[in-house]
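*Asks:* Attaching a single structure in structure tokens format; questions to follow.
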Amino acid sequence: MEKTIRIHLADDHKVLIDGMRTLLNSIPNFNVVGYSLKGTTLFEEVTNNATDILVLDISMPEKDGIEVLKEFSKKGFPCKVIVLSTYDDLKIIQEVMKLGASGYLSKQCAGESIVEAIQVVSTGEEYFSNQVRETIFDSATKKNPKLNQTTISPEYQLTGREIEIITLIALEYSGKEISEKLFISSNTVETHRKNILKKLNAKNTISLVKFALKNNLIKS
């Protein structure tokens, strides 16, 4: 039997909370244990109801999402946090991830992605919606003209994140640099690298460089 994931919702729009609560409570191992319309008492509330994951609107009244994350960072995170935002602004994404958020979702796609985001974050991984990932990768592309997006054969069963990491490894980025560029932990980078090597039956970084060149991930 799957472990129940206890979820707290924080948004200043009650209608949005009601819709999300109905959706999430329909998932067998999800349980929405509370909600908040402002950020001032969030730390106490998620601590008292033993929350596993907080879904946090960045634009909360009295104390916004950034201030809430700063408080959590200072006091010690009582739960994992997925941030909801109307804006896919790279600076905001970077700031909330540096403050310790585990995920970032655009409000426009929250209904489609929130269940997957909670499932992914509950396993210890970070989660970005497709729009956010595109914002991050577009930024990397502009900063490094060698980056070149392409379509990889589905036979390899590579995720979008794994393709990004292969590309950056091939461009000689270190694990730390990849971590900083994609706003994920170094441990997560290493986990992805091991999974990539296994999927491609590759032995080392040189093999990944060859794969990137062969599949036009980078320009030779």
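Letters A, B, ... go to the chains of the structure tokens in the order shown; residues in each chain start at 1; ligands are counted from 1 in the same order.
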Taking the backbone alone, and naming residues the way the document does, which bits of range 65-144 of chain A are strand (DSSP E) by DSSP, as a list in words?
*Replies:*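 Result set for range 65-144 of chain A (strand (DSSP E)): Lys80, Val81, Ile82, Val83, Leu84, Ser85, Gly103, Tyr104, Leu105, Ser106, Tyr127 and Phe128 of chain A.
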*Asks:* Any chance you can output those residues with all heavy atoms as a tab-separated table (two decimals), in the first residue's frame?
*Replies:*
chain	number	residue	atom	x	y	z
A	80	LYS	N	8.42	19.68	2.01
A	80	LYS	CA	8.87	20.06	0.67
A	80	LYS	C	7.90	21.09	0.10
A	80	LYS	O	6.72	21.10	0.47
A	80	LYS	CB	8.96	18.84	-0.24
A	80	LYS	CG	9.98	17.79	0.24
A	80	LYS	CD	10.04	16.63	-0.72
A	80	LYS	CE	10.95	15.53	-0.19
A	80	LYS	NZ	12.34	16.00	-0.02
A	81	VAL	N	8.40	21.95	-0.79
A	81	VAL	CA	7.58	23.04	-1.31
A	81	VAL	C	7.58	23.03	-2.84
A	81	VAL	O	8.63	22.98	-3.47
A	81	VAL	CB	8.09	24.41	-0.81
A	81	VAL	CG1	7.21	25.53	-1.37
A	81	VAL	CG2	8.12	24.47	0.71
A	82	ILE	N	6.38	23.10	-3.40
A	82	ILE	CA	6.21	23.30	-4.84
A	82	ILE	C	5.62	24.70	-5.03
A	82	ILE	O	4.56	25.01	-4.48
A	82	ILE	CB	5.26	22.26	-5.46
A	82	ILE	CG1	5.86	20.85	-5.33
A	82	ILE	CG2	4.98	22.58	-6.93
A	82	ILE	CD1	4.90	19.75	-5.74
A	83	VAL	N	6.29	25.53	-5.79
A	83	VAL	CA	5.86	26.92	-5.99
A	83	VAL	C	4.97	27.02	-7.23
A	83	VAL	O	5.27	26.45	-8.28
A	83	VAL	CB	7.08	27.85	-6.14
A	83	VAL	CG1	6.66	29.24	-6.62
A	83	VAL	CG2	7.82	27.96	-4.81
A	84	LEU	N	3.88	27.77	-7.09
A	84	LEU	CA	3.02	28.11	-8.22
A	84	LEU	C	3.23	29.58	-8.57
A	84	LEU	O	3.28	30.42	-7.67
A	84	LEU	CB	1.54	27.91	-7.87
A	84	LEU	CG	1.02	26.50	-7.66
A	84	LEU	CD1	-0.46	26.54	-7.34
A	84	LEU	CD2	1.26	25.63	-8.87
A	85	SER	N	3.36	29.89	-9.85
A	85	SER	CA	3.55	31.28	-10.25
A	85	SER	C	2.89	31.55	-11.58
A	85	SER	O	2.81	30.68	-12.45
A	85	SER	CB	5.05	31.61	-10.34
A	85	SER	OG	5.24	32.94	-10.79
A	103	GLY	N	10.06	22.35	-6.38
A	103	GLY	CA	9.40	22.35	-7.67
A	103	GLY	C	8.86	23.72	-8.02
A	103	GLY	O	8.70	24.58	-7.15
A	104	TYR	N	8.59	23.91	-9.31
A	104	TYR	CA	8.09	25.20	-9.80
A	104	TYR	C	7.12	24.93	-10.94
A	104	TYR	O	7.48	24.29	-11.94
A	104	TYR	CB	9.25	26.06	-10.28
A	104	TYR	CG	8.91	27.51	-10.53
A	104	TYR	CD1	9.29	28.50	-9.62
A	104	TYR	CD2	8.25	27.91	-11.68
A	104	TYR	CE1	9.01	29.85	-9.84
A	104	TYR	CE2	7.96	29.25	-11.91
A	104	TYR	CZ	8.35	30.21	-10.99
A	104	TYR	OH	8.06	31.53	-11.22
A	105	LEU	N	5.89	25.41	-10.78
A	105	LEU	CA	4.85	25.19	-11.77
A	105	LEU	C	4.26	26.50	-12.24
A	105	LEU	O	4.01	27.40	-11.43
A	105	LEU	CB	3.70	24.37	-11.17
A	105	LEU	CG	3.81	22.85	-11.07
A	105	LEU	CD1	2.57	22.31	-10.39
A	105	LEU	CD2	3.97	22.23	-12.44
A	106	SER	N	3.99	26.61	-13.52
A	106	SER	CA	3.23	27.73	-14.03
A	106	SER	C	1.76	27.50	-13.68
A	106	SER	O	1.25	26.39	-13.83
A	106	SER	CB	3.36	27.83	-15.56
A	106	SER	OG	4.70	28.03	-15.92
A	127	TYR	N	11.02	19.16	-9.52
A	127	TYR	CA	10.08	19.13	-10.63
A	127	TYR	C	9.90	20.52	-11.24
A	127	TYR	O	9.73	21.50	-10.52
A	127	TYR	CB	8.71	18.61	-10.18
A	127	TYR	CG	7.73	18.48	-11.33
A	127	TYR	CD1	7.64	17.30	-12.05
A	127	TYR	CD2	6.93	19.55	-11.72
A	127	TYR	CE1	6.77	17.17	-13.13
A	127	TYR	CE2	6.06	19.44	-12.80
A	127	TYR	CZ	5.98	18.25	-13.49
A	127	TYR	OH	5.13	18.14	-14.56
A	128	PHE	N	9.94	20.58	-12.57
A	128	PHE	CA	9.64	21.79	-13.31
A	128	PHE	C	8.59	21.47	-14.36
A	128	PHE	O	8.68	20.45	-15.03
A	128	PHE	CB	10.89	22.34	-14.02
A	128	PHE	CG	12.02	22.70	-13.12
A	128	PHE	CD1	13.02	21.78	-12.84
A	128	PHE	CD2	12.09	23.96	-12.55
A	128	PHE	CE1	14.07	22.10	-12.01
A	128	PHE	CE2	13.14	24.29	-11.71
A	128	PHE	CZ	14.13	23.37	-11.44
*Asks:* Any idea what's packed within 8 Å of Ile152 in chain A, counting only C-alpha atoms, ignoring anything in its chain fewer than 3 positions away? Could you give it as a list in words?
*Replies:* Tyr156, Leu158 and Asn215 of chain A
*Asks:* Just to be explicit: take each residue in the selection above, keep C-alpha atoms, and write the result as a PDB file, in the first residue's frame.
*Replies:*
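Result file part-v6.pdb:
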ATOM      1  CA  TYR A 156      16.538   5.375 -25.938  1.00  0.00           C
ATOM      2  CA  LEU A 158      15.506   9.477 -22.461  1.00  0.00           C
ATOM      3  CA  ASN A 215      22.397  12.971 -32.437  1.00  0.00           C
TER       4      ASN A 215
END
*Asks:* Can you tell me which residues surround range 3-5 of chain A at a distance of at most 9 Å, considering only C-alpha atoms, apart from same-chain residues fewer than 4 positions away, and format the answer as a compact mmCIF listing (two decimals) with C-alpha atoms, in the first residue's frame?
*Replies:*
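The resulting file, around24.txt, is shown below:
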# COMPACT_ATOMS: atom_id res chain seq x y z
CA PRO A 28 -5.76 7.44 -3.83
CA ASN A 29 -2.64 8.26 -1.79
CA PHE A 30 -3.11 12.06 -1.64
CA ASN A 31 -4.67 13.81 1.34
CA VAL A 32 -5.13 17.59 1.45
CA THR A 51 2.54 18.30 5.94
CA ASP A 52 4.68 16.41 3.45
CA ILE A 53 4.29 18.86 0.55
CA ILE A 118 3.63 16.09 -6.17
CA GLN A 119 4.44 12.49 -7.06
CA SER A 122 7.58 13.16 -2.88
*Asks:* Between A:Cys79, A:Leu217, A:Leu23, A:Ala117, single out the one closest to Arg6 in chain A, counting only C-alpha atoms.
*Replies:*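 Result for the nearest residue to Arg6 in chain A: A:Cys79.
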*Asks:* Using only C-alpha atoms for the distances, tell me which of A:Leu200, A:Ile169, A:Asp12, A:Glu116 is nearest to Glu155 in chain A.
*Replies:*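 Looking only at the distances to Glu155 in chain A, the closest residue turns out to be A:Leu200.
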*Asks:* Report, in Å to a single decimal, how far apart CA of Ser102 in chain A and CA of Glu126 in chain A are.
*Replies:*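 Atom-to-atom, CA of Glu126 in chain A to CA of Ser102 in chain A, that is 4.9 Å.
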*Asks:* For Asp57 in chain A, list every protein, DNA or RNA residue within 12 Å, evaluated using only C-alpha atoms, and leave out those in the same chain fewer than 4 positions away; present the list as a VMD selection string.
*Replies:* chain A and resid 8 to 14 16 to 17 35 to 39 42 61 63 to 69 81 to 87 96 101 103 to 107 110
*Asks:* Just write the chosen residues, N, CA, C and O atoms, as a compact mmCIF listing (two decimals), in the first residue's frame.
*Replies:*
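Written output follows (again-v7.txt):
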# COMPACT_ATOMS: atom_id res chain seq x y z
N HIS A 8 -0.62 20.48 1.83
CA HIS A 8 -1.21 21.76 2.28
C HIS A 8 -1.19 22.72 1.11
O HIS A 8 -0.19 22.83 0.40
N LEU A 9 -2.29 23.43 0.87
CA LEU A 9 -2.41 24.37 -0.23
C LEU A 9 -2.39 25.81 0.29
O LEU A 9 -3.07 26.12 1.27
N ALA A 10 -1.63 26.67 -0.38
CA ALA A 10 -1.55 28.07 0.02
C ALA A 10 -1.75 28.96 -1.20
O ALA A 10 -0.89 29.01 -2.09
N ASP A 11 -2.88 29.63 -1.24
CA ASP A 11 -3.21 30.52 -2.36
C ASP A 11 -4.28 31.50 -1.87
O ASP A 11 -5.12 31.13 -1.05
N ASP A 12 -4.24 32.73 -2.36
CA ASP A 12 -5.21 33.72 -1.89
C ASP A 12 -6.53 33.66 -2.65
O ASP A 12 -7.43 34.47 -2.40
N HIS A 13 -6.67 32.69 -3.56
CA HIS A 13 -7.92 32.51 -4.28
C HIS A 13 -8.59 31.21 -3.82
O HIS A 13 -8.14 30.12 -4.15
N LYS A 14 -9.67 31.36 -3.05
CA LYS A 14 -10.36 30.19 -2.48
C LYS A 14 -10.91 29.27 -3.57
O LYS A 14 -10.92 28.04 -3.42
N LEU A 16 -9.60 28.62 -6.48
CA LEU A 16 -8.51 27.79 -6.97
C LEU A 16 -8.19 26.69 -5.97
O LEU A 16 -7.96 25.53 -6.34
N ILE A 17 -8.18 27.03 -4.67
CA ILE A 17 -7.91 26.03 -3.64
C ILE A 17 -8.96 24.93 -3.67
O ILE A 17 -8.64 23.74 -3.59
N TYR A 35 -5.34 24.23 4.23
CA TYR A 35 -5.10 25.27 3.24
C TYR A 35 -4.96 26.62 3.94
O TYR A 35 -5.39 26.79 5.09
N SER A 36 -4.34 27.57 3.25
CA SER A 36 -4.13 28.91 3.79
C SER A 36 -4.39 29.94 2.71
O SER A 36 -4.06 29.73 1.54
N LEU A 37 -4.96 31.07 3.11
CA LEU A 37 -5.24 32.16 2.18
C LEU A 37 -4.21 33.28 2.30
O LEU A 37 -4.23 34.23 1.52
N LYS A 38 -3.30 33.18 3.27
CA LYS A 38 -2.22 34.15 3.44
C LYS A 38 -0.99 33.43 3.98
O LYS A 38 -1.08 32.31 4.50
N GLY A 39 0.16 34.10 3.87
CA GLY A 39 1.41 33.41 4.19
C GLY A 39 1.93 33.59 5.60
O GLY A 39 2.91 32.97 5.98
N LEU A 42 1.95 30.23 7.81
CA LEU A 42 2.17 28.97 7.09
C LEU A 42 3.11 28.02 7.81
O LEU A 42 2.88 26.81 7.85
N PRO A 61 -0.82 37.25 0.04
CA PRO A 61 -0.92 38.52 0.76
C PRO A 61 -0.19 38.49 2.10
O PRO A 61 -0.01 37.42 2.68
N LYS A 63 2.48 38.08 3.43
CA LYS A 63 3.82 37.47 3.33
C LYS A 63 3.82 36.62 2.06
O LYS A 63 3.14 35.61 1.99
N ASP A 64 4.59 37.05 1.03
CA ASP A 64 4.53 36.33 -0.24
C ASP A 64 5.36 35.05 -0.21
O ASP A 64 6.01 34.74 0.79
N GLY A 65 5.33 34.33 -1.33
CA GLY A 65 6.00 33.04 -1.39
C GLY A 65 7.50 33.11 -1.15
O GLY A 65 8.08 32.22 -0.51
N ILE A 66 8.13 34.16 -1.65
CA ILE A 66 9.57 34.32 -1.43
C ILE A 66 9.87 34.49 0.05
O ILE A 66 10.79 33.86 0.60
N GLU A 67 9.07 35.31 0.73
CA GLU A 67 9.26 35.53 2.17
C GLU A 67 9.00 34.26 2.97
O GLU A 67 9.69 33.98 3.96
N VAL A 68 8.00 33.49 2.54
CA VAL A 68 7.71 32.21 3.21
C VAL A 68 8.91 31.27 3.07
O VAL A 68 9.34 30.64 4.05
N LEU A 69 9.48 31.19 1.87
CA LEU A 69 10.64 30.32 1.66
C LEU A 69 11.84 30.78 2.48
O LEU A 69 12.60 29.95 3.00
N VAL A 81 8.40 21.95 -0.79
CA VAL A 81 7.58 23.04 -1.31
C VAL A 81 7.58 23.03 -2.84
O VAL A 81 8.63 22.98 -3.47
N ILE A 82 6.38 23.10 -3.40
CA ILE A 82 6.21 23.30 -4.84
C ILE A 82 5.62 24.70 -5.03
O ILE A 82 4.56 25.01 -4.48
N VAL A 83 6.29 25.53 -5.79
CA VAL A 83 5.86 26.92 -5.99
C VAL A 83 4.97 27.02 -7.23
O VAL A 83 5.27 26.45 -8.28
N LEU A 84 3.88 27.77 -7.09
CA LEU A 84 3.02 28.11 -8.22
C LEU A 84 3.23 29.58 -8.57
O LEU A 84 3.28 30.42 -7.67
N SER A 85 3.36 29.89 -9.85
CA SER A 85 3.55 31.28 -10.25
C SER A 85 2.89 31.55 -11.58
O SER A 85 2.81 30.68 -12.45
N THR A 86 2.42 32.78 -11.73
CA THR A 86 1.84 33.21 -12.99
C THR A 86 2.94 33.50 -14.01
O THR A 86 2.71 33.48 -15.22
N TYR A 87 4.15 33.75 -13.51
CA TYR A 87 5.25 34.18 -14.38
C TYR A 87 6.34 33.11 -14.47
O TYR A 87 6.76 32.55 -13.46
N VAL A 96 13.70 30.98 -6.09
CA VAL A 96 12.96 30.04 -5.25
C VAL A 96 13.68 28.70 -5.13
O VAL A 96 13.62 28.06 -4.08
N ALA A 101 13.08 25.50 -2.64
CA ALA A 101 11.86 24.89 -3.20
C ALA A 101 12.22 23.64 -3.99
O ALA A 101 13.29 23.55 -4.59
N GLY A 103 10.06 22.35 -6.38
CA GLY A 103 9.40 22.35 -7.67
C GLY A 103 8.86 23.72 -8.02
O GLY A 103 8.70 24.58 -7.15
N TYR A 104 8.59 23.91 -9.31
CA TYR A 104 8.09 25.20 -9.80
C TYR A 104 7.12 24.93 -10.94
O TYR A 104 7.48 24.29 -11.94
N LEU A 105 5.89 25.41 -10.78
CA LEU A 105 4.85 25.19 -11.77
C LEU A 105 4.26 26.50 -12.24
O LEU A 105 4.01 27.40 -11.43
N SER A 106 3.99 26.61 -13.52
CA SER A 106 3.23 27.73 -14.03
C SER A 106 1.76 27.50 -13.68
O SER A 106 1.25 26.39 -13.83
N LYS A 107 1.08 28.56 -13.23
CA LYS A 107 -0.34 28.41 -12.89
C LYS A 107 -1.16 27.98 -14.10
O LYS A 107 -2.16 27.29 -13.96
N ALA A 110 -1.00 24.25 -14.06
CA ALA A 110 -1.04 23.59 -12.75
C ALA A 110 -2.04 22.44 -12.74
O ALA A 110 -1.78 21.37 -12.18
*Asks:* So which one's closest to Thr41 in chain A, A:Ser129, A:Met20, A:His192, A:Met60? Using only C-alpha atoms, please.
*Replies:*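 Closest to Thr41 in chain A of all the choices is A:Met60.
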*Asks:* Between CA of Ala202 in chain A and CA of Asn216 in chain A, what is the spacing in Å?
*Replies:*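 So the two atoms, CA of Asn216 in chain A and CA of Ala202 in chain A, lie 17.4 Å apart.
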